[in-house]
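Written out below as structure tokens is the structure these notes cover.
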Amino acid sequence: MLRMLGVALACAALVAAAGDASIRVGPWRAWLDSPGGELPFGLDVEERDATWRAWLVNGPERIEIPKVSFVGGQIVLDVDHYDSIVRATPSADGARLDGEWKKRRGPDAYAKLPFHATAGTAARFPSDSTRADAKRVDGRWAVRFAPDDELAVAIFETQADRSLSGTFLTPTGDYRYLAGTQDGACIRLSCFDGAHAFLFDARVQSDGTITGDFWAGDSSHETWTARRDDNAALPDAFALTKWEGNASLEKLVFPDLDGKRRSLADSAFAGKARILQVMGSWCPNCQDETQYLVLLDRRYRSRGLSIVGLAFEVTGDFTRDAAQVRKLAARDGVTYPLLVAGTSDKAKASAAFPALDRVRAYPTTIFLHADGRVRAVHTGFAGPATGAANRALRAEFESIIEELLTESSSR
């Protein structure tokens with residue numbers, strides 16, 4: 001019998017699993033115990049013919065968890081493409097889960113936070129009716145995260161159910177799909193996508209500005225301030241990272257996923273227009289861009305576009321890192337070449353890829369002419385959560401590709 005998400009009657013029934021564990025199907029309110037307090041997110045669970053599926057939910061985004069299993073009386077939610085896993089023990093009635101989230105962030109380093117979830121539909125953040133009313137924060141804001149000097153941009157929108165959604169755009173990427181509430185003067189937003197664990201807690205001040213805190217993962221904390229600015233904009237992402245003038249594609253040599261060393265001047269990578277993507281399988285912004293590059297590959301490959309991904313991974317163990325890149329390729333349908341270029345530490349990545357003045361962001365996207373000359377270098381990626389910014393960036397990328405293909409065809 002199919003027990004579908006969001007069906008209230010299904011939520012009332014326990015479903016047996018793996019003999020000694022049982023949980024309820026349907027929607028759950030889940031959270032991590034972050035240093036800033038509860039970091040909530042949605043979790044949907046479905047079972048069909050003893051096959052279990054689950055999704056992480058943040059606002060409009062639903063991310064399917066690749067592997068759901070029951071082992072030793074625990075449910076295991078394995079987001080393997082991010083080397084991220086939740087293990088949790090069900091309560092006797094199957095309506096609560098308690099356990100731990102663990103994600104690799106280095107060769108021998110992990111982020112870890114306690115994980116909990118309760119079955120049923122519930123508010124992401126509890127409401128506090130005693131809070132004073134404040135003007136809605138819908139719109140565009142100029143933001144500064146301390147101690148950074150660089151400007152960021154926040155976009156907030158109140159939904160029909162009065163929940164709040166939004167994201168932050170920075171010079172190195174966006175904070176993806178944030179969901180939460182504005183309760184009087186209090187703003188709370190969160191996101192857990194298997195890789196990111198973000199929590200924002202802020203207050204609207206009497207002068208209309210916003211001051212708040214931002215926690216990421218199990219240890220990072222920053223403060224931030226914002227002022228309303230309909231024209232707030234980031235620095236030109238095509239002007240932040242420079243291609244070194246004497247860089248030679250022939251000298252940029254990295255192993256492919258089988259361990260064979262390949263030069264970027266390899267004839268197999270030639271094209272009328274070329275893209276090099278500096279990325280990592282661990283990086284959700286990179287995955288957003290990779291999914292887009294897969295579409296560009298399908299659209300333009302027959303006209304001469306060549307794409308090569310350069311993966312900078314977290315461990316430096318080639319076998320492990322190549323396996324993670326393969327998982328990304330399988331998940332996103334990548335059929336263009338992927339090379340393992342180094343480790344994700346930006347200083348080490350800059351040394352491994354000296355064609356750039358430095359690696360500032362994952363992803364970084366490099367557009368080249370057919371003869372290997374660089375046309376443009378773009379830092380970061382405005383993903384689908386940014387709405388209009390994502391659409392504008394796609395249009396700009398495609399304009400450059402069309403220009404390069406037309407240039408080659410006219411010769």
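In the structure tokens, chains take letters A, B, ... by order of appearance, with residues numbered from 1 within each chain and ligands from 1 in the order shown.
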Taking only C-alpha atoms into account, produce a table as CSV in which each residue of stretch 138-220 of chain A with an atom at most 9 Å from an atom of stretch 24-44 of chain A appears once, together with its shortest atom pair and the distance in Å to one decimal, ordered by chain and rising number.
residue,atom,partner,partner_atom,distance
A:Ala179,CA,A:Phe41,CA,8.2
A:Gly180,CA,A:Pro40,CA,8.7
A:Leu189,CA,A:Leu39,CA,8.6
A:Ser190,CA,A:Leu39,CA,6.1
A:Cys191,CA,A:Phe41,CA,6.4
A:Phe192,CA,A:Phe41,CA,6.2
A:Asp193,CA,A:Phe41,CA,8.8
A:Ala197,CA,A:Leu39,CA,7.5
A:Phe198,CA,A:Leu39,CA,7.3
A:Leu199,CA,A:Leu39,CA,5.8
A:Phe200,CA,A:Gly36,CA,8.5
A:Asp201,CA,A:Gly36,CA,8.3
A:Asp213,CA,A:Gly36,CA,8.3
A:Phe214,CA,A:Gly36,CA,8.0
A:Trp215,CA,A:Gly36,CA,6.2
A:Ala216,CA,A:Ser34,CA,8.2
A:Gly217,CA,A:Ser34,CA,7.2
A:Asp218,CA,A:Ser34,CA,6.1
A:Ser219,CA,A:Pro35,CA,6.9
A:Ser220,CA,A:Pro35,CA,8.6
Those in stretch 181-320 of chain A with strand (DSSP E) from DSSP, as a VMD selection string: chain A and resid 181 to 183 186 to 192 197 to 204 210 to 216 220 to 228 253 to 255 261 to 263 273 to 279 305 to 313
Closest pair table for stretch 313-369 of chain A residues within 7 Å of stretch 228-246 of chain A, only C-alpha atoms, as a Markdown table:
| residue | atom | partner | partner_atom | distance |
| --- | --- | --- | --- | --- |
| A:Ala355 | CA | A:Glu244 | CA | 5.3 |
| A:Leu356 | CA | A:Trp243 | CA | 4.6 |
| A:Asp357 | CA | A:Lys242 | CA | 5.5 |
How about saving the chosen residues, N, CA and C atoms kept, as a PDB file, in the first residue's frame?
ATOM      1  N   ALA A 355      46.805  29.055 -13.102  1.00  0.00           N
ATOM      2  CA  ALA A 355      46.267  29.853 -14.210  1.00  0.00           C
ATOM      3  C   ALA A 355      45.424  31.015 -13.707  1.00  0.00           C
ATOM      4  N   LEU A 356      44.892  30.904 -12.482  1.00  0.00           N
ATOM      5  CA  LEU A 356      44.137  31.996 -11.871  1.00  0.00           C
ATOM      6  C   LEU A 356      45.008  32.726 -10.870  1.00  0.00           C
ATOM      7  N   ASP A 357      44.736  34.037 -10.698  1.00  0.00           N
ATOM      8  CA  ASP A 357      45.511  34.761  -9.685  1.00  0.00           C
ATOM      9  C   ASP A 357      45.302  34.134  -8.318  1.00  0.00           C
TER      10      ASP A 357
END
Close residues, stretch 182-187 of chain A itself excluded, 12 Å, only C-alpha atoms, min 2 positions apart in chain, as a PDB file with C-alpha atoms, in the first residue's frame:
ATOM      1  CA  ARG A 124       9.295  25.505  11.209  1.00  0.00           C
ATOM      2  CA  PHE A 125       9.809  28.112  13.963  1.00  0.00           C
ATOM      3  CA  PRO A 126       7.340  28.442  16.872  1.00  0.00           C
ATOM      4  CA  SER A 127       5.440  31.738  16.950  1.00  0.00           C
ATOM      5  CA  ASP A 128       5.734  34.169  19.855  1.00  0.00           C
ATOM      6  CA  SER A 129       2.604  36.302  19.877  1.00  0.00           C
ATOM      7  CA  THR A 130       4.103  38.643  22.488  1.00  0.00           C
ATOM      8  CA  ARG A 131       6.580  40.123  20.009  1.00  0.00           C
ATOM      9  CA  ALA A 132       5.919  43.681  18.865  1.00  0.00           C
ATOM     10  CA  ASP A 133       4.688  44.220  15.315  1.00  0.00           C
ATOM     11  CA  ALA A 134       7.182  45.415  12.744  1.00  0.00           C
ATOM     12  CA  LYS A 135       7.079  46.340   9.084  1.00  0.00           C
ATOM     13  CA  ARG A 136       7.490  43.429   6.698  1.00  0.00           C
ATOM     14  CA  VAL A 137      10.999  42.865   5.416  1.00  0.00           C
ATOM     15  CA  ASP A 138      10.010  41.843   1.884  1.00  0.00           C
ATOM     16  CA  PHE A 156      13.221  38.317   1.440  1.00  0.00           C
ATOM     17  CA  GLU A 157       9.652  37.426   0.451  1.00  0.00           C
ATOM     18  CA  THR A 158       6.566  36.725   2.569  1.00  0.00           C
ATOM     19  CA  GLN A 159       4.643  33.742   1.224  1.00  0.00           C
ATOM     20  CA  ASP A 161       0.939  31.213   4.257  1.00  0.00           C
ATOM     21  CA  ARG A 162       2.804  34.144   5.912  1.00  0.00           C
ATOM     22  CA  SER A 163       6.047  32.191   6.126  1.00  0.00           C
ATOM     23  CA  LEU A 164       9.230  33.991   5.090  1.00  0.00           C
ATOM     24  CA  SER A 165      11.623  32.808   2.400  1.00  0.00           C
ATOM     25  CA  GLY A 166      14.765  34.288   0.951  1.00  0.00           C
ATOM     26  CA  LEU A 178      16.247  29.720   3.270  1.00  0.00           C
ATOM     27  CA  ALA A 179      12.852  29.287   4.923  1.00  0.00           C
ATOM     28  CA  GLY A 180      11.418  30.596   8.158  1.00  0.00           C
ATOM     29  CA  LEU A 189      15.545  31.545   8.668  1.00  0.00           C
ATOM     30  CA  SER A 190      17.227  28.176   8.218  1.00  0.00           C
ATOM     31  CA  LEU A 199      20.653  29.416  10.858  1.00  0.00           C
ATOM     32  CA  PHE A 200      19.828  33.152  10.826  1.00  0.00           C
ATOM     33  CA  ASP A 201      18.335  34.954  13.840  1.00  0.00           C
ATOM     34  CA  ALA A 202      17.811  38.716  13.529  1.00  0.00           C
ATOM     35  CA  ARG A 203      15.797  41.696  14.733  1.00  0.00           C
ATOM     36  CA  VAL A 204      14.295  44.643  12.882  1.00  0.00           C
ATOM     37  CA  GLN A 205      15.490  47.768  14.704  1.00  0.00           C
ATOM     38  CA  SER A 206      13.480  50.921  15.385  1.00  0.00           C
ATOM     39  CA  ASP A 207      15.322  52.727  12.558  1.00  0.00           C
ATOM     40  CA  GLY A 208      14.310  50.022  10.069  1.00  0.00           C
ATOM     41  CA  THR A 209      17.700  48.339   9.823  1.00  0.00           C
ATOM     42  CA  ILE A 210      18.277  44.680  10.678  1.00  0.00           C
ATOM     43  CA  THR A 211      20.921  43.248  13.016  1.00  0.00           C
ATOM     44  CA  GLY A 212      21.420  39.554  13.462  1.00  0.00           C
ATOM     45  CA  ASP A 213      23.492  36.428  13.922  1.00  0.00           C
ATOM     46  CA  PHE A 214      24.434  33.716  11.442  1.00  0.00           C
TER      47      PHE A 214
END
For stretch 371-382 of chain A, work out the shell of residues within 7 Å, counting only C-alpha atoms and skipping chain neighbours fewer than 5 positions away, then give it as a list in words.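 Residues near the query, excluding close chain neighbours: Pro171, Thr172, Gly173, Asp174, Ala237, Phe238, Leu240, Thr241, Lys242, Asn285, Glu289, Ala361, Tyr362, Pro363, Thr364, Thr365, Ile366, Ala389 and Asn390 of chain A.
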Could you state the separation of atom CA of A:Glu150 and atom CA of A:Trp224 in Å, given to one decimal place?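 Between these atoms lies a distance of 11.7 Å.
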Of the candidates A:Ala50, A:Val153, A:Val143, A:Leu296, which shows the shortest atom-to-atom distance to A:Val334, using only C-alpha atoms?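 Comparing A:Ala50, A:Val153, A:Val143, A:Leu296 against A:Val334, the winner is A:Leu296.
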